[in-house]
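Novice: Take a look at the following structure, please.
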Amino acid sequence: MGVRYSHMFLILLLLHGANAALKDPVQKWRTLSGAPPLVIARGGYSGLFPDSSQSAYQFALVNSLPEAVLFCDLQLSSDNVGFCMTGLALDNSTLIAEVFPKNAKTYKVNGEALHGWFSVDFTSNQLTDNVTLIQNVLSRPSVFDGTMGMNLVDDVVGLNPAQLWINVQYGQFFLDHKLNIVEYISSKVKEFGVNYVSSPEVGFLKSLGGKLRKSNVKLILRFLDEKLIEPSTKQTYGAILKDLKSVKTFASGILVPKNYIWPVNKDQYLQPATTLVKDAHALGLEVYAFKFANDFISSYNYSYDPSAEYLQFIDNSDFSVDGVLTDFPSTASAAIACLAHTKDNPLPPPRNDTRPLIITHNGASGIFPGASDLAYRQAVEDGTDIIDCSVQMSKDAVPFCMDSPDLTKGTTAATMFTTKVANVNEIQNGSGIFSFDLSWSEIQTLKPDLVGPFNQEGLKRNPAAKNSGKLMALADFLAFSKRSNVSGILVDIRNAPYLATRGMGIVEAVSSALVNASYDKETRQQVLIASDNSAVLVAFSKFPGFKRVLQISHMISDASKQSVEEVAKFADAVSISRGSVVEAQGSFLVRFTDVINKMHSANLSVYIGVLRDEFMNLAFDFCANPMAEIVLYSSLMADGIVTEFPATAAEYFRSPCSDFSKNLTYTVMPPRPGSLLNVTDPHALPPAQGPVPVLEPADVVDPPLPPVTIGGHGAAPSSNDSSTKSGATAAGASSGLCLLVAGLAALLAVSSRRP
């Protein structure tokens with residue numbers, strides 16, 4: 001028989017999963033019964049483990065709501081033994097072709113020829129003793145391939161699920177091979193404790209209904225694509241959908257693709273909901289939706305937050321489906337138990353005992369172009385605490401917000417200023433079009449450009465807003481921040497030494513802008529000054545109300561005591577990468593570092609980033625759910641998370657599950673590094689990466705800033721350039737003063753360093 005994991009695996013999974021405790025407050029649902037929607041685990045936790053494997057079913061049970069349903073796609077062997085296996089051709093999800101290379105067949109299935117290996121051609125012993133499973137979705141881990149055997153229905157029943165759902169996708173095919181699934185199910189329904197049976201074949205359901213009249217088993221008609229022909233009635237599924245009264249005569253409910261309920265247009269944006277759920281409920285039919293998976297590209301309206309999609313189906317103002325069939329049942333469970341009915345909850349204030357700060361990375365840059373006015377407005381609307389501005393300088397010394405000085409990253413500069421392409425090795429490897437080579441008036445002609453980190457893999461961000469919004473001068477950003485309800489701002493300063501050689505004092509320009517906006521006297525909003533250069537932070541020690549943040553962009557495995565002590569001399573906080581908090585190998589979490597604790601021991605706040613919602617940004621332990629990563633860093637007492645999708649963080653922190661002190665029936669628990677890695681085949685993992693360095697004093701202490709070079713090759717023109725707008729004019733004027741006091745500023749930077 002194929003490999004089965006030991007009981008230790010279950011112990012590890014319990015450490016990963018949900019905890020059961022007291023009952024939660026009763027919520028009102030718009031399901032047919034008024035009860036919460038069901039979570040139906042398709043093939044178990046098939047988003048992580050091979051579909052229908054014992055491990056997939058085990059993992060689903062311990063990571064889902066207690067009443068979750070295990071879904072088994074039933075197939076029969078030649079000796080009439082039932083298996084759970086999705087897809088009629090076994091070679092799509094097993095290694096059967098390697099074991100029985102000469103046993104492929106071609107059969108007619110619903111009028112179409114299908115070539116492959118089929119369960120009807122093998123005995124149960126042949127299958128259980130020789131055939132192992134594989135993951136058939138490329139974005140999912142392949143390290144479990146060949147380690148798990150095919151699963152009997154009896155094996156699934158032996159896990160004692162709260163409810164069991166049998167799906168028969170090809171009843172007529174098995175009948176053609178003298179295997180009667182109607183007889184099989186009717187003889188086993190009481191023994192197995194079957195609660196639901198679904199099929200896309202009307203004739204099969206009617207036959208089974210005649211056998212199960214006295215049982216409580218619910219029969220569910222599964223709808224396929226509207227244009228496909230249902231084999232027994234010869235009608236399209238679209239035609240059957242228009243006659244739900246006839247469905248009610250033989251079924252208790254319907255299982256439909258999710259786009260039957262919330263259709264999307266050709267551009268992958270949501271269209272208005274259909275009336276299907278309300279129409280079916282009016283007839284007493286339950287409605288279940290399928291095709292839910294965290295790692296499938298869905299509508300751009302969800303911004304790669306799978307929880308948002310579930311909420312669209314269960315927590316809108318008009319209806320709720322009665323259940324969702326999903327490859328990731330923990331995410332669906334969290335949507336139901338934690339997130340539904342919470343959108344109007346107040347966001348608790350950030351404190352050590354409540355939650356970390358939500359800090360943006362170029363605003364809500366997962367929704368709108370980074371550092372654009374729309375990205376900042378969206379961030380405020382989404383509930384962020386701190387909005388950020390990474391300051392760049394124009395040729396005429398106007399500070400503005402943009403993630404990189406290379407304007408080909410985030411704007412349309414590459415199509416408009418091709419003659420400005422240059423190589424600046426002090427900034428980056430490779431050529432670019434740099435902000436300090438363009439005037440502010442030229443930069444204002446550019447459009448922001450929304451390009452996500454996984455565009456090449458097909459994970460585009462909100463294409464409808466690709467070039468929306470406007471770039472913001474620092475002064476405009478500060479004015480906007482003042483008018484908003486955010487609790488603070490973060491101003492990030494980079495490349496100060498190089499800019500000084502170009503005649504631009506970025507420290508002085510930022511200081512002047514903050515003073516002009518009265519942020520030096522601000523009491524309502526916190527000012528965070530961030531930089532990867534210690535001399536920049538030292539220069540801001542003259543503003544005692546500002547909090548200084550050292551950016552440690554490279555990954556570290558630890559921090560020496562001496563380096564932490566040095567950081568504490570000129571900074572109040574550090575911003576570190578995700579990999580500096582928890583190490584990974586082959587997309588699996590390995591272990592926690594001690595960096596957070598060591599920084600906290602020196603009274604340094606710790607911010608972690610950058611968080612992104614795209615599933616390709618996540619280790620497998622997070623189960624393709626960006627909220628799980630937020631839960632992890634919150635549980636580690638991070639003081640802030642830096643994210644491009646602040647709405648996802650706010651959504652979690654509004655929920656009762658963000659309070660670990662509450663005894664809830666279900667809550668979202670952080671993954672345990674190593675728990676999945678320990679049950680993988682070590683030979684299937686990629687080689688471990690080389691050692692990650694330890695943070696040392698030389699990594700954090702920089703020389704004093706050089707004086708601003710008067711008349712440098714990028715020197716600013718007259719500060720009264722008529723092209724500057726709003727705060728840009730004031731910033732340009734201040735830069736002239738900066739040039740006069742450059743030498744003094746350098747001396748001040750040296751003298752301000754703490755011993």
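Here, A, B, ... name the chains of the structure tokens in the order displayed, residue numbers run from 1 inside each chain, and ligands are numbered from 1 in the same displayed order.
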Determine which residues of stretch 140-284 of chain A DSSP labels as alpha helix (DSSP H) from the backbone of this structure, then write them out as a VMD selection string.

Specialist: chain A and resid 153 to 157 171 to 176 181 to 192 202 to 211 237 to 241 244 to 248 276 to 282

Novice: List the neighbours of A:Val451 out to 8 Å using only C-alpha atoms; skip same-chain residues closer than 6 positions along the sequence, and give me the result as JSON, numbers by chain.

Specialist: {"A": [369, 410, 460, 461, 466]}

Novice: What's the separation between atom CA of A:Leu347 and atom CA of A:Met627, in Å to one decimal place?

Specialist: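 Result for atom CA of A:Leu347 versus atom CA of A:Met627: 15.9 Å, one decimal.
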
Novice: Against stretch 524-534 of chain A, which residues of stretch 644-708 of chain A fall within 7 Å? For each one I want the closest pair of atoms and the distance in Å (one decimal), counting only C-alpha atoms, rows by chain and increasing residue number, as CSV.

Specialist:
```
residue,atom,partner,partner_atom,distance
A:Val700,CA,A:Ser534,CA,6.6
A:Val701,CA,A:Ser534,CA,5.8
A:Asp702,CA,A:Ser534,CA,5.6
```

Novice: Next, dump the selected residues to file, keeping only all heavy atoms, as a PDB file, in the first residue's frame.

Specialist:
```pdb
ATOM      1  N   VAL A 700      25.749  48.556  10.031  1.00  0.00           N
ATOM      2  CA  VAL A 700      24.753  49.555  10.428  1.00  0.00           C
ATOM      3  C   VAL A 700      25.327  50.951  10.631  1.00  0.00           C
ATOM      4  O   VAL A 700      24.569  51.925  10.712  1.00  0.00           O
ATOM      5  CB  VAL A 700      24.018  49.109  11.717  1.00  0.00           C
ATOM      6  CG1 VAL A 700      23.284  47.801  11.485  1.00  0.00           C
ATOM      7  CG2 VAL A 700      24.962  48.978  12.901  1.00  0.00           C
ATOM      8  N   VAL A 701      26.627  51.068  10.729  1.00  0.00           N
ATOM      9  CA  VAL A 701      27.247  52.376  10.974  1.00  0.00           C
ATOM     10  C   VAL A 701      27.865  52.891   9.679  1.00  0.00           C
ATOM     11  O   VAL A 701      28.733  52.247   9.089  1.00  0.00           O
ATOM     12  CB  VAL A 701      28.317  52.292  12.081  1.00  0.00           C
ATOM     13  CG1 VAL A 701      28.961  53.657  12.292  1.00  0.00           C
ATOM     14  CG2 VAL A 701      27.704  51.788  13.384  1.00  0.00           C
ATOM     15  N   ASP A 702      27.406  54.038   9.226  1.00  0.00           N
ATOM     16  CA  ASP A 702      27.889  54.646   7.986  1.00  0.00           C
ATOM     17  C   ASP A 702      28.713  55.893   8.291  1.00  0.00           C
ATOM     18  O   ASP A 702      28.565  56.519   9.346  1.00  0.00           O
ATOM     19  CB  ASP A 702      26.700  55.040   7.109  1.00  0.00           C
ATOM     20  CG  ASP A 702      25.882  53.837   6.686  1.00  0.00           C
ATOM     21  OD1 ASP A 702      26.388  53.047   5.873  1.00  0.00           O
ATOM     22  OD2 ASP A 702      24.741  53.677   7.179  1.00  0.00           O
TER      23      ASP A 702
END
```

Novice: With a distance cut-off of 6 Å and only C-alpha atoms, select the neighbouring residues of stretch 71-77 of chain A, excluding the residue or stretch itself and same-chain residues fewer than 6 positions from it, and output the selection as a compact mmCIF listing (two decimals) with all heavy atoms, in the first residue's frame.

Specialist:
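Result file is part-v1.txt:
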```txt
# COMPACT_ATOMS: atom_id res chain seq x y z
N ALA A 41 -14.41 20.49 1.90
CA ALA A 41 -13.00 20.33 1.55
C ALA A 41 -12.86 19.36 0.38
O ALA A 41 -13.00 18.14 0.54
CB ALA A 41 -12.20 19.83 2.75
N ARG A 42 -12.59 19.90 -0.80
CA ARG A 42 -12.50 19.09 -2.02
C ARG A 42 -11.25 18.24 -2.01
O ARG A 42 -10.14 18.74 -2.10
CB ARG A 42 -12.50 19.99 -3.26
CG ARG A 42 -12.68 19.24 -4.57
CD ARG A 42 -12.42 20.12 -5.78
NE ARG A 42 -11.01 20.48 -5.91
CZ ARG A 42 -10.09 19.68 -6.47
NH1 ARG A 42 -10.44 18.51 -6.95
NH2 ARG A 42 -8.84 20.07 -6.54
N GLY A 43 -11.44 16.93 -1.87
CA GLY A 43 -10.27 16.05 -1.80
C GLY A 43 -9.42 16.31 -0.57
O GLY A 43 -8.21 16.06 -0.59
N PHE A 83 -12.92 4.23 -4.18
CA PHE A 83 -11.78 5.10 -3.93
C PHE A 83 -12.24 6.56 -4.00
O PHE A 83 -13.24 6.87 -4.65
CB PHE A 83 -10.69 4.91 -5.00
CG PHE A 83 -9.97 3.60 -4.93
CD1 PHE A 83 -10.48 2.46 -5.52
CD2 PHE A 83 -8.75 3.52 -4.26
CE1 PHE A 83 -9.82 1.26 -5.45
CE2 PHE A 83 -8.07 2.32 -4.19
CZ PHE A 83 -8.61 1.18 -4.78
N CYS A 84 -11.48 7.43 -3.37
CA CYS A 84 -11.66 8.86 -3.56
C CYS A 84 -10.57 9.36 -4.49
O CYS A 84 -9.38 9.24 -4.17
CB CYS A 84 -11.58 9.60 -2.22
SG CYS A 84 -12.88 9.16 -1.05
N MET A 85 -10.96 9.89 -5.64
CA MET A 85 -9.97 10.34 -6.62
C MET A 85 -10.64 11.28 -7.61
O MET A 85 -11.63 10.91 -8.25
CB MET A 85 -9.38 9.13 -7.36
CG MET A 85 -8.37 9.47 -8.45
SD MET A 85 -6.92 10.29 -7.78
CE MET A 85 -6.32 9.04 -6.65
N THR A 86 -10.12 12.48 -7.73
CA THR A 86 -10.68 13.45 -8.66
C THR A 86 -10.14 13.21 -10.06
O THR A 86 -8.94 13.01 -10.25
CB THR A 86 -10.32 14.88 -8.22
OG1 THR A 86 -10.85 15.11 -6.91
CG2 THR A 86 -10.90 15.91 -9.18
N SER A 119 -9.57 3.37 -13.27
CA SER A 119 -9.72 2.48 -12.12
C SER A 119 -10.45 1.19 -12.48
O SER A 119 -10.22 0.14 -11.86
CB SER A 119 -10.46 3.20 -11.00
OG SER A 119 -11.79 3.54 -11.37
N VAL A 120 -11.33 1.24 -13.49
CA VAL A 120 -12.11 0.05 -13.86
C VAL A 120 -11.24 -1.06 -14.44
O VAL A 120 -11.70 -2.20 -14.57
CB VAL A 120 -13.22 0.43 -14.86
CG1 VAL A 120 -14.22 1.40 -14.24
CG2 VAL A 120 -12.62 1.03 -16.15
N PHE A 122 -8.32 -2.02 -13.06
CA PHE A 122 -7.40 -2.51 -12.03
C PHE A 122 -8.19 -2.98 -10.81
O PHE A 122 -9.24 -2.43 -10.48
CB PHE A 122 -6.43 -1.40 -11.61
CG PHE A 122 -5.58 -0.87 -12.73
CD1 PHE A 122 -6.01 0.22 -13.48
CD2 PHE A 122 -4.37 -1.45 -13.04
CE1 PHE A 122 -5.24 0.72 -14.52
CE2 PHE A 122 -3.59 -0.97 -14.07
CZ PHE A 122 -4.03 0.12 -14.82
N THR A 123 -7.64 -3.97 -10.14
CA THR A 123 -8.24 -4.39 -8.87
C THR A 123 -7.83 -3.41 -7.77
O THR A 123 -6.88 -2.64 -7.92
CB THR A 123 -7.77 -5.79 -8.47
OG1 THR A 123 -6.36 -5.75 -8.19
CG2 THR A 123 -8.04 -6.80 -9.58
N SER A 124 -8.53 -3.47 -6.68
CA SER A 124 -8.21 -2.58 -5.56
C SER A 124 -6.82 -2.85 -5.02
O SER A 124 -6.09 -1.92 -4.64
CB SER A 124 -9.26 -2.72 -4.45
OG SER A 124 -9.35 -4.08 -4.02
N TRP A 165 -19.38 14.00 1.99
CA TRP A 165 -20.02 14.33 0.71
C TRP A 165 -19.40 13.44 -0.36
O TRP A 165 -18.19 13.47 -0.59
CB TRP A 165 -19.79 15.81 0.39
CG TRP A 165 -20.48 16.36 -0.81
CD1 TRP A 165 -20.49 15.83 -2.08
CD2 TRP A 165 -21.26 17.56 -0.89
NE1 TRP A 165 -21.22 16.62 -2.93
CE2 TRP A 165 -21.70 17.71 -2.22
CE3 TRP A 165 -21.61 18.55 0.03
CZ2 TRP A 165 -22.47 18.78 -2.65
CZ3 TRP A 165 -22.37 19.63 -0.39
CH2 TRP A 165 -22.80 19.74 -1.71
N ILE A 166 -20.24 12.63 -1.01
CA ILE A 166 -19.79 11.78 -2.11
C ILE A 166 -20.21 12.43 -3.43
O ILE A 166 -21.39 12.75 -3.62
CB ILE A 166 -20.41 10.37 -2.02
CG1 ILE A 166 -19.98 9.67 -0.73
CG2 ILE A 166 -20.01 9.54 -3.23
CD1 ILE A 166 -18.52 9.35 -0.62
N ASN A 167 -19.25 12.62 -4.32
CA ASN A 167 -19.55 13.14 -5.65
C ASN A 167 -19.32 12.03 -6.68
O ASN A 167 -18.28 11.37 -6.66
CB ASN A 167 -18.66 14.34 -5.98
CG ASN A 167 -18.97 14.93 -7.35
OD1 ASN A 167 -20.04 15.48 -7.56
ND2 ASN A 167 -18.04 14.81 -8.28
N VAL A 168 -20.30 11.85 -7.55
CA VAL A 168 -20.19 10.85 -8.62
C VAL A 168 -20.22 11.60 -9.94
O VAL A 168 -21.28 12.00 -10.42
CB VAL A 168 -21.33 9.82 -8.54
CG1 VAL A 168 -21.20 8.81 -9.68
CG2 VAL A 168 -21.32 9.12 -7.19
```
